[in-house]
file data17.cif (mmCIF, C-alpha atoms and all ligand atoms)
data_protein
loop_
_atom_site.label_atom_id
_atom_site.label_comp_id
_atom_site.auth_asym_id
_atom_site.auth_seq_id
_atom_site.Cartn_x
_atom_site.Cartn_y
_atom_site.Cartn_z
CA MET A 1 0.00 0.00 0.00
CA GLN A 2 0.98 3.61 -0.51
CA LEU A 3 0.69 5.84 2.54
CA ALA A 4 0.74 9.59 2.09
CA TYR A 5 0.40 12.50 4.48
CA LEU A 6 -2.26 14.97 3.35
CA ARG A 7 -1.29 18.54 4.23
CA GLU A 8 -4.87 19.63 4.86
CA THR A 9 -8.08 17.73 5.38
CA ARG A 10 -11.67 18.66 6.10
CA ARG A 11 -10.84 17.92 9.73
CA GLY A 12 -8.48 20.86 9.59
CA LYS A 13 -5.25 18.95 10.20
CA PRO A 14 -2.85 16.72 8.32
CA ALA A 15 -3.95 13.11 8.00
CA ALA A 16 -2.50 9.79 6.92
CA ALA A 17 -4.03 8.69 3.67
CA LEU A 18 -4.13 5.55 1.58
CA ARG A 19 -3.25 6.29 -2.05
CA ARG A 20 -5.68 4.45 -4.27
CA SER A 21 -4.85 2.98 -7.67
CA ASN A 22 -6.55 5.95 -9.38
CA GLY A 23 -4.27 8.36 -7.47
CA GLU A 24 -6.96 9.62 -5.08
CA TYR A 25 -6.26 9.69 -1.35
CA LEU A 26 -8.45 8.15 1.32
CA ASP A 27 -8.20 9.69 4.81
CA ILE A 28 -7.66 6.41 6.68
CA ALA A 29 -8.76 7.37 10.20
CA SER A 30 -11.96 8.99 8.92
CA ALA A 31 -12.70 6.01 6.71
CA ILE A 32 -12.16 3.51 9.52
CA GLU A 33 -14.42 5.55 11.77
CA LYS A 34 -17.08 5.60 9.09
CA TRP A 35 -16.75 1.91 8.42
CA VAL A 36 -17.04 1.00 12.10
CA LYS A 37 -20.14 3.17 12.49
CA ALA A 38 -21.68 1.74 9.30
CA SER A 39 -21.10 -1.75 10.70
CA GLY A 40 -23.07 -0.78 13.81
CA GLY A 41 -19.99 -0.60 16.02
CA GLU A 42 -18.73 2.06 18.37
CA SER A 43 -15.82 3.90 16.78
CA SER A 44 -12.67 3.37 18.76
CA VAL A 45 -10.39 4.92 16.20
CA SER A 46 -10.56 8.55 17.26
CA PHE A 47 -6.91 7.84 18.03
CA ASN A 48 -4.46 10.62 18.14
CA ASN A 49 -4.24 11.49 14.44
CA PRO A 50 -1.98 8.60 13.38
CA SER A 51 0.77 9.26 10.85
CA PRO A 52 1.57 7.27 7.71
CA LEU A 53 4.45 5.71 9.64
CA ASP A 54 2.06 4.57 12.40
CA PHE A 55 0.04 2.76 9.78
CA ALA A 56 3.12 1.38 8.06
CA LEU A 57 4.35 0.01 11.40
CA VAL A 58 1.19 -1.65 12.64
CA ALA A 59 -1.33 -1.69 9.98
CA LEU A 60 -0.63 -4.04 7.15
CA GLU A 61 -3.59 -5.99 8.60
CA THR A 62 -5.64 -2.88 9.39
CA VAL A 63 -5.30 -1.48 5.92
CA THR A 64 -5.98 -4.83 4.34
CA ALA A 65 -9.19 -4.86 6.38
CA LEU A 66 -9.90 -1.32 5.29
CA ARG A 67 -9.46 -2.27 1.65
CA LEU A 68 -11.99 -5.05 2.12
CA ALA A 69 -14.33 -2.65 3.86
CA THR A 70 -14.11 -0.04 1.12
CA SER A 71 -14.90 -2.69 -1.45
CA GLU A 72 -17.86 -3.90 0.65
CA LEU A 73 -19.32 -0.45 1.14
CA GLU A 74 -20.08 1.63 -1.88
CA ASP A 75 -17.37 4.15 -2.71
CA SER A 76 -19.97 6.89 -2.41
CA ALA A 77 -20.12 6.16 1.31
CA PHE A 78 -16.56 7.41 1.57
CA THR A 79 -16.84 10.51 -0.61
CA ASP A 80 -16.16 12.83 2.29
CA CYS A 81 -12.98 10.85 3.14
CA LEU A 82 -11.57 11.17 -0.39
CA TYR A 83 -9.13 13.79 -1.67
CA PRO A 84 -7.99 14.42 -5.27
CA SER A 85 -4.70 13.09 -6.63
CA ALA A 86 -3.29 16.62 -6.86
CA SER A 87 -3.70 17.23 -3.10
CA ALA A 88 -0.76 18.83 -1.29
CA LEU A 89 1.27 16.40 0.79
CA ILE A 90 3.80 16.77 3.59
CA ALA A 91 6.72 14.38 4.02
CA PRO A 92 5.41 10.90 4.94
CA ILE A 93 7.75 10.99 7.95
CA PRO A 94 8.02 14.73 8.68
CA ARG A 95 10.62 14.48 11.48
CA PRO A 96 12.39 11.13 11.39
CA ASN A 97 14.36 10.28 14.48
CA ARG A 98 17.42 9.36 12.43
CA ILE A 99 18.44 9.42 8.81
CA LEU A 100 21.32 6.97 8.56
CA ALA A 101 23.02 7.81 5.30
CA ILE A 102 25.49 5.67 3.40
CA GLY A 103 28.26 7.45 1.49
CA ARG A 104 29.69 6.36 -1.86
CA ASN A 105 27.55 3.24 -2.06
CA TYR A 106 27.58 3.14 -5.86
CA GLY A 107 31.04 2.60 -7.39
CA ALA A 108 30.48 4.94 -10.33
CA HIS A 109 29.42 7.77 -8.00
CA ALA A 110 32.43 7.27 -5.72
CA MET A 111 34.74 7.52 -8.72
CA GLU A 112 33.06 10.56 -10.28
CA LEU A 113 34.02 12.55 -7.17
CA GLY A 114 37.56 11.14 -7.26
CA ASN A 115 37.01 8.75 -4.34
CA ALA A 116 37.81 5.08 -3.96
CA VAL A 117 34.99 2.56 -3.54
CA PRO A 118 34.92 2.00 0.24
CA GLU A 119 35.76 -1.38 1.76
CA GLU A 120 33.14 -0.98 4.45
CA PRO A 121 30.06 1.25 4.58
CA ILE A 122 30.64 4.96 5.17
CA VAL A 123 27.92 5.96 7.64
CA PHE A 124 26.87 9.47 8.50
CA MET A 125 23.70 11.01 9.87
CA LYS A 126 21.37 13.73 8.74
CA PRO A 127 19.03 15.32 11.28
CA GLY A 128 15.25 14.97 11.01
CA SER A 129 15.04 18.75 10.93
CA CYS A 130 16.36 18.86 7.35
CA VAL A 131 13.35 16.96 6.01
CA ILE A 132 10.87 18.63 3.67
CA GLY A 133 8.04 17.11 1.69
CA PRO A 134 7.02 16.86 -1.94
CA GLY A 135 6.48 20.26 -3.52
CA ASP A 136 8.43 22.10 -0.82
CA SER A 137 11.35 24.36 -1.71
CA ILE A 138 15.02 23.55 -1.15
CA VAL A 139 16.54 26.76 0.18
CA ILE A 140 20.16 27.55 -0.72
CA PRO A 141 21.60 30.08 1.68
CA ASP A 142 23.77 32.88 0.44
CA GLY A 143 27.50 32.10 0.52
CA VAL A 144 27.25 28.33 0.97
CA GLY A 145 28.96 27.56 -2.37
CA ARG A 146 28.10 24.58 -4.54
CA VAL A 147 25.07 22.50 -3.55
CA ASP A 148 24.41 19.07 -5.13
CA PHE A 149 21.39 16.80 -5.49
CA GLU A 150 21.72 13.08 -4.63
CA ALA A 151 18.73 10.88 -5.51
CA GLU A 152 18.52 7.87 -3.18
CA LEU A 153 16.35 4.91 -2.25
CA ALA A 154 15.20 5.36 1.36
CA VAL A 155 14.57 2.26 3.48
CA VAL A 156 12.18 2.66 6.44
CA ILE A 157 12.83 0.36 9.39
CA GLY A 158 9.66 -1.20 10.83
CA LYS A 159 10.93 -3.62 13.44
CA GLY A 160 13.96 -2.43 15.37
CA GLY A 161 16.72 -4.63 16.64
CA LYS A 162 20.36 -5.16 17.49
CA ASP A 163 22.62 -7.69 15.75
CA ILE A 164 20.12 -8.37 12.98
CA SER A 165 21.34 -11.09 10.65
CA GLU A 166 21.61 -10.48 6.92
CA GLU A 167 19.21 -13.36 6.38
CA ASN A 168 16.49 -11.70 8.51
CA ALA A 169 17.28 -8.11 7.60
CA LEU A 170 14.54 -7.47 5.06
CA SER A 171 11.87 -8.57 7.56
CA HIS A 172 12.85 -5.45 9.57
CA VAL A 173 11.93 -3.14 6.68
CA THR A 174 8.37 -1.82 6.51
CA ALA A 175 8.46 0.58 3.56
CA TYR A 176 10.48 2.36 0.91
CA THR A 177 10.39 5.91 -0.35
CA ILE A 178 12.51 8.48 -2.20
CA PHE A 179 15.12 10.67 -0.52
CA ASN A 180 17.26 13.51 -1.83
CA ASP A 181 20.51 13.73 0.16
CA VAL A 182 21.07 17.40 -0.72
CA THR A 183 24.69 18.27 0.00
CA ALA A 184 26.61 21.52 0.43
CA ARG A 185 29.49 20.10 -1.64
CA ASP A 186 32.01 22.91 -1.12
CA LYS A 187 31.44 22.78 2.64
CA GLN A 188 31.80 18.98 2.58
CA ARG A 189 35.06 19.13 0.64
CA ALA A 190 36.49 21.81 2.92
CA ALA A 191 35.64 19.66 5.94
CA GLN A 192 37.15 16.54 4.34
CA GLU A 193 40.39 18.35 3.56
CA LYS A 194 40.74 19.30 7.22
CA LYS A 195 39.72 15.75 8.25
CA HIS A 196 36.72 17.21 10.05
CA PRO A 197 33.24 15.67 10.13
CA TRP A 198 30.99 16.83 7.26
CA PHE A 199 27.78 16.91 9.31
CA LEU A 200 27.11 20.59 8.62
CA ALA A 201 27.31 20.11 4.84
CA LYS A 202 24.51 17.53 5.00
CA SER A 203 22.28 19.11 7.60
CA LEU A 204 21.06 22.47 6.35
CA ASP A 205 17.33 23.14 6.72
CA THR A 206 15.41 21.79 3.69
CA PHE A 207 18.35 19.57 2.58
CA GLY A 208 16.34 16.35 3.03
CA PRO A 209 13.38 16.10 0.64
CA LEU A 210 11.48 12.87 1.41
CA GLY A 211 8.46 11.24 -0.22
CA PRO A 212 6.03 11.54 -1.88
CA PHE A 213 4.64 8.58 0.11
CA LEU A 214 5.66 5.38 1.87
CA VAL A 215 5.30 2.24 -0.23
CA THR A 216 5.04 -0.85 1.95
CA VAL A 217 7.34 -3.78 1.29
CA ASP A 218 4.59 -5.99 -0.11
CA GLU A 219 4.55 -3.78 -3.24
CA ILE A 220 8.29 -3.91 -3.94
CA ALA A 221 9.32 -7.35 -5.16
CA ASP A 222 13.06 -6.59 -5.34
CA PRO A 223 14.51 -3.38 -3.86
CA HIS A 224 17.74 -4.08 -5.77
CA ASN A 225 16.06 -3.86 -9.15
CA LEU A 226 14.63 -0.32 -9.11
CA GLN A 227 15.50 2.46 -11.53
CA ILE A 228 16.42 5.81 -9.97
CA THR A 229 16.18 8.84 -12.24
CA LEU A 230 16.67 12.49 -11.46
CA LYS A 231 15.93 15.42 -13.75
CA VAL A 232 16.94 19.05 -13.38
CA ASN A 233 14.66 21.36 -15.37
CA GLY A 234 13.48 18.36 -17.39
CA GLU A 235 16.98 17.14 -18.26
CA THR A 236 18.00 13.70 -17.00
CA LYS A 237 21.10 13.87 -14.77
CA GLN A 238 20.98 10.62 -12.84
CA ASP A 239 19.75 7.31 -14.26
CA GLY A 240 20.91 4.24 -12.38
CA SER A 241 19.62 0.99 -10.94
CA THR A 242 19.64 0.06 -7.26
CA GLU A 243 21.34 -3.09 -8.56
CA GLY A 244 24.51 -0.96 -8.52
CA MET A 245 24.67 -0.70 -4.73
CA ASN A 246 28.06 -1.71 -3.39
CA PHE A 247 26.63 -2.75 -0.01
CA ARG A 248 23.11 -4.08 -0.35
CA ILE A 249 20.24 -3.42 2.03
CA PRO A 250 20.49 -6.65 4.08
CA TYR A 251 24.22 -6.07 4.54
CA LEU A 252 23.65 -2.44 5.58
CA ILE A 253 21.01 -3.42 8.15
CA ALA A 254 23.26 -6.15 9.57
CA TYR A 255 26.24 -3.79 9.61
CA LEU A 256 24.46 -0.88 11.30
CA SER A 257 22.70 -3.05 13.87
CA ARG A 258 26.01 -4.69 14.75
CA TRP A 259 27.04 -1.37 16.27
CA PHE A 260 23.79 0.19 17.48
CA LYS A 261 20.15 -0.73 17.87
CA LEU A 262 17.95 0.14 14.93
CA GLU A 263 14.59 1.65 15.86
CA PRO A 264 11.20 1.70 14.15
CA GLY A 265 11.04 4.73 11.86
CA ASP A 266 14.79 4.94 11.24
CA ILE A 267 15.52 5.78 7.64
CA ILE A 268 18.50 4.36 5.79
CA ALA A 269 19.46 6.53 2.81
CA THR A 270 21.24 3.95 0.68
CA GLY A 271 23.50 6.17 -1.40
CA THR A 272 23.26 7.80 -4.80
CA PRO A 273 24.09 6.51 -8.29
CA ALA A 274 26.42 8.41 -10.62
CA GLY A 275 25.53 11.77 -12.14
CA VAL A 276 25.39 14.11 -9.15
CA GLY A 277 25.68 17.78 -9.95
CA PRO A 278 24.93 21.26 -8.73
CA ILE A 279 21.59 23.01 -8.30
CA VAL A 280 20.95 26.74 -8.17
CA PRO A 281 17.93 28.88 -7.29
CA GLY A 282 15.31 28.66 -10.03
CA ASP A 283 15.99 24.96 -10.76
CA PHE A 284 13.27 22.32 -10.58
CA LEU A 285 14.06 18.75 -9.48
CA GLU A 286 12.14 15.56 -10.26
CA ILE A 287 13.20 12.21 -8.81
CA GLU A 288 11.49 8.96 -9.76
CA ILE A 289 12.12 5.45 -8.45
CA THR A 290 10.28 2.44 -9.87
CA GLY A 291 7.08 1.90 -7.89
CA LEU A 292 7.73 4.76 -5.48
CA GLY A 293 6.24 7.68 -7.40
CA LYS A 294 7.84 11.02 -8.13
CA LEU A 295 9.36 13.52 -5.69
CA THR A 296 9.50 17.10 -6.99
CA ASN A 297 11.03 20.18 -5.37
CA ASP A 298 12.00 23.62 -6.58
CA ILE A 299 15.12 25.51 -5.52
CA ILE A 300 15.04 29.01 -4.07
CA ALA A 301 17.63 31.39 -2.67
CA GLY A 302 17.87 31.99 1.08
CA THR A 303 19.72 34.55 3.11
MG MG A 401 24.21 10.54 -0.36
#

call {"tool": "encode", "arguments": {"input": "data17.cif", "output": "structure tokens"}}
result
Amino acid sequence: MQLAYLRETRRGKPAAALRRSNGEYLDIASAIEKWVKASGGESSVSFNNPSPLDFALVALETVTALRLATSELEDSAFTDCLYPSASALIAPIPRPNRILAIGRNYGAHAMELGNAVPEEPIVFMKPGSCVIGPGDSIVIPDGVGRVDFEAELAVVIGKGGKDISEENALSHVTAYTIFNDVTARDKQRAAQEKKHPWFLAKSLDTFGPLGPFLVTVDEIADPHNLQITLKVNGETKQDGSTEGMNFRIPYLIAYLSRWFKLEPGDIIATGTPAGVGPIVPGDFLEIEITGLGKLTNDIIAGT
């Protein structure tokens, strides 16, 4: 299932929504409430405005039930829970606890920046505060120098754990989505030359576009056979397959959880294929990954 976060609903607040095959969004909590009432039950789902992640974590069964319910009841019964496909969305996880990012995980990308392919994963973190949603603007502050896009497959951890084996690793994943690991490249290079951490270069506000929605694992047959494309102003700049990952998702989960406990809602940004390049105010970015939709963001100048 595809779980989006509607920016505005008739209830006056954001709401988790199921994206239907025709692109429309169904406000899940409202629909469940309606379904329970229609079945003569007492609604117990006036829960505290659950997020798409809440549903991704617990609700494969719930949403399966909801799908059955919506096919039982006439669609017209849910009209007031439906929103058009063009509705504004916020990031499906607006403030992730951790974005665990993997550097130089595609050989061709490592080499295009003059780096060797690493012998073990390069792990760094981006703060949840850098996340923006589909349609939001990436803000480039004055004086920051070159800023690059990096289109990446994002893995959302569902079941946490320590010392997860490679064999079991994929059972700890609940969903996939698109991430743009926007990077202040000049700042990163300056830090690398001084052998300093490059946290700042990765952590500017708006430097973490995420979305447009979470796609649960049942819809992605093979996460290592997805095409990642990125366009700047309509021109293709990145076009690679997740097959090109140096360290694959099960290995990354085993590796990370060897050293610290993974938690539900952690995001692993799995690295970017070749073709990274700079963006400037006025540019328009489109990232597509097979089965995960399209993430678009414009670029504006900040102060
Ligand atoms: Mg990256």

call {"tool": "closest_atom_pairs", "arguments": {"input": "data17.cif", "of": "region 75-111 of chain A", "to": "region 218-241 of chain A", "cutoff": "12 Å", "atoms": "only C-alpha atoms", "output": "JSON lines"}}
result
{"residue": "A:Tyr106", "atom": "CA", "partner": "A:Gly240", "partner_atom": "CA", "distance": 9.4}
{"residue": "A:Gly107", "atom": "CA", "partner": "A:Gly240", "partner_atom": "CA", "distance": 11.4}
{"residue": "A:Ala108", "atom": "CA", "partner": "A:Gly240", "partner_atom": "CA", "distance": 9.8}
{"residue": "A:His109", "atom": "CA", "partner": "A:Gln238", "partner_atom": "CA", "distance": 10.1}

call {"tool": "atom_distance", "arguments": {"input": "data17.cif", "atom1": "CA of Gly103 (chain A)", "atom2": "CA of Phe124 (chain A)"}}
result
7.4 Å

call {"tool": "residues_near_ligand", "arguments": {"input": "data17.cif", "ligand": "ligand MG 401 (chain A)", "cutoff": "10 Å", "atoms": "all atoms listed in the file", "output": "list of chain:residue names"}}
result
A:Ala101, A:Ile102, A:Gly103, A:Arg104, A:Asn105, A:Tyr106, A:His109, A:Val123, A:Phe124, A:Asp148, A:Phe149, A:Glu150, A:Ala151, A:Glu152, A:Leu153, A:Phe179, A:Asn180, A:Asp181, A:Val182, A:Thr183, A:Lys202, A:Ala269, A:Thr270, A:Gly271, A:Thr272, A:Pro273, A:Val276

call {"tool": "residues_around", "arguments": {"input": "data17.cif", "residues": "Asp186 (chain A)", "least_positions_apart": "3", "cutoff": "10 Å", "atoms": "all atoms listed in the file", "output": "ChimeraX atom specification"}}
result
/A:144-148,183,189-192,201

call {"tool": "axis_aligned_box", "arguments": {"input": "data17.cif", "around": "region 115-131 of chain A", "padding_each_side": "3 Å", "output": "AutoDock Vina command-line options"}}
result
--center_x 25.6 --center_y 8.7 --center_z 3.5 --size_x 30.5 --size_y 26.2 --size_z 21.6

call {"tool": "residues_around", "arguments": {"input": "data17.cif", "residues": "Leu252 (chain A)", "least_positions_apart": "5", "cutoff": "10 Å", "atoms": "all atoms listed in the file", "output": "list in words"}}
result
Ile102, Glu120, Pro121, Val123, Glu166, Ala169, Phe247, Ser257, Arg258, Ile268 and Thr270 of chain A

call {"tool": "atom_distance", "arguments": {"input": "data17.cif", "atom1": "CA of Val156 (chain A)", "atom2": "CA of Pro118 (chain A)"}}
result
23.6 Å

call {"tool": "residues_around", "arguments": {"input": "data17.cif", "residues": "Ile138 (chain A)", "least_positions_apart": "2", "cutoff": "12 Å", "atoms": "all atoms listed in the file", "output": "NGL selection string"}}
result
:A and (130-136 or 140-141 or 147-149 or 180-184 or 204-210 or 279-285 or 296-302)

call {"tool": "closest_residue", "arguments": {"input": "data17.cif", "among": "A:Ala56, A:Leu26, A:Ile287, A:Leu256", "to": "Lys162 (chain A)", "atoms": "all atoms listed in the file"}}
result
A:Leu256

call {"tool": "atom_distance", "arguments": {"input": "data17.cif", "atom1": "CA of Leu89 (chain A)", "atom2": "CA of Thr242 (chain A)"}}
result
25.9 Å

call {"tool": "closest_residue", "arguments": {"input": "data17.cif", "among": "A:Gly265, A:Pro197, A:Pro94, A:Gly143", "to": "Gly160 (chain A)", "atoms": "all atoms listed in the file"}}
result
A:Gly265

call {"tool": "closest_residue", "arguments": {"input": "data17.cif", "among": "A:Ile90, A:Ile99, A:Ala116, A:Leu57", "to": "Ser137 (chain A)", "atoms": "only C-alpha atoms"}}
result
A:Ile90

call {"tool": "closest_residue", "arguments": {"input": "data17.cif", "among": "A:Val36, A:Val139, A:Leu113, A:Ile253", "to": "Ala274 (chain A)", "atoms": "all atoms listed in the file"}}
result
A:Leu113

call {"tool": "closest_residue", "arguments": {"input": "data17.cif", "among": "A:Pro50, A:Gly291, A:Gly277, A:Gly244", "to": "Lys13 (chain A)", "atoms": "all atoms listed in the file"}}
result
A:Pro50

call {"tool": "closest_residue", "arguments": {"input": "data17.cif", "among": "A:Pro278, A:Arg98, A:Glu112, A:Ile164", "to": "Trp259 (chain A)", "atoms": "only C-alpha atoms"}}
result
A:Ile164

call {"tool": "build_atoms", "arguments": {"input": "data17.cif", "residues": "region 140-156 of chain A", "atoms": "N, CA, C and O atoms", "output": "short mmCIF file (atom, residue, chain, number, x, y, z; two decimals), keeping the file's coordinate frame"}}
result
data_model
loop_
_atom_site.label_atom_id
_atom_site.label_comp_id
_atom_site.auth_asym_id
_atom_site.auth_seq_id
_atom_site.Cartn_x
_atom_site.Cartn_y
_atom_site.Cartn_z
N ILE A 140 18.69 27.46 -0.70
CA ILE A 140 20.16 27.55 -0.72
C ILE A 140 20.59 28.87 -0.11
O ILE A 140 20.33 29.93 -0.69
N PRO A 141 21.22 28.82 1.04
CA PRO A 141 21.60 30.08 1.68
C PRO A 141 22.73 30.78 0.94
O PRO A 141 23.57 30.13 0.32
N ASP A 142 22.73 32.06 1.05
CA ASP A 142 23.77 32.88 0.44
C ASP A 142 25.14 32.46 0.97
O ASP A 142 25.30 32.21 2.16
N GLY A 143 26.12 32.32 0.08
CA GLY A 143 27.50 32.10 0.52
C GLY A 143 27.86 30.66 0.85
O GLY A 143 28.96 30.40 1.32
N VAL A 144 26.95 29.72 0.59
CA VAL A 144 27.25 28.33 0.97
C VAL A 144 28.09 27.62 -0.10
O VAL A 144 28.66 26.57 0.14
N GLY A 145 28.19 28.20 -1.30
CA GLY A 145 28.96 27.56 -2.37
C GLY A 145 28.11 26.54 -3.10
O GLY A 145 26.88 26.62 -3.11
N ARG A 146 28.81 25.56 -3.71
CA ARG A 146 28.10 24.58 -4.54
C ARG A 146 27.22 23.66 -3.69
O ARG A 146 27.64 23.17 -2.63
N VAL A 147 26.01 23.43 -4.18
CA VAL A 147 25.07 22.50 -3.55
C VAL A 147 24.67 21.45 -4.59
O VAL A 147 24.36 21.81 -5.73
N ASP A 148 24.72 20.17 -4.21
CA ASP A 148 24.41 19.07 -5.13
C ASP A 148 23.14 18.33 -4.74
O ASP A 148 22.82 18.22 -3.55
N PHE A 149 22.47 17.78 -5.72
CA PHE A 149 21.39 16.80 -5.49
C PHE A 149 22.00 15.41 -5.39
O PHE A 149 23.08 15.15 -5.96
N GLU A 150 21.34 14.50 -4.67
CA GLU A 150 21.72 13.08 -4.63
C GLU A 150 20.44 12.26 -4.48
O GLU A 150 19.90 12.16 -3.38
N ALA A 151 19.95 11.69 -5.56
CA ALA A 151 18.73 10.88 -5.51
C ALA A 151 19.04 9.52 -4.89
O ALA A 151 19.99 8.85 -5.29
N GLU A 152 18.23 9.10 -3.90
CA GLU A 152 18.52 7.87 -3.18
C GLU A 152 17.26 7.08 -2.84
O GLU A 152 16.20 7.65 -2.60
N LEU A 153 17.41 5.77 -2.79
CA LEU A 153 16.35 4.91 -2.25
C LEU A 153 16.42 4.98 -0.72
O LEU A 153 17.47 4.75 -0.13
N ALA A 154 15.27 5.30 -0.10
CA ALA A 154 15.20 5.36 1.36
C ALA A 154 14.49 4.11 1.88
O ALA A 154 13.42 3.75 1.41
N VAL A 155 15.12 3.47 2.86
CA VAL A 155 14.57 2.26 3.48
C VAL A 155 14.03 2.66 4.86
O VAL A 155 14.74 3.28 5.64
N VAL A 156 12.78 2.31 5.14
CA VAL A 156 12.18 2.66 6.44
C VAL A 156 12.13 1.40 7.31
O VAL A 156 11.52 0.40 6.93
#
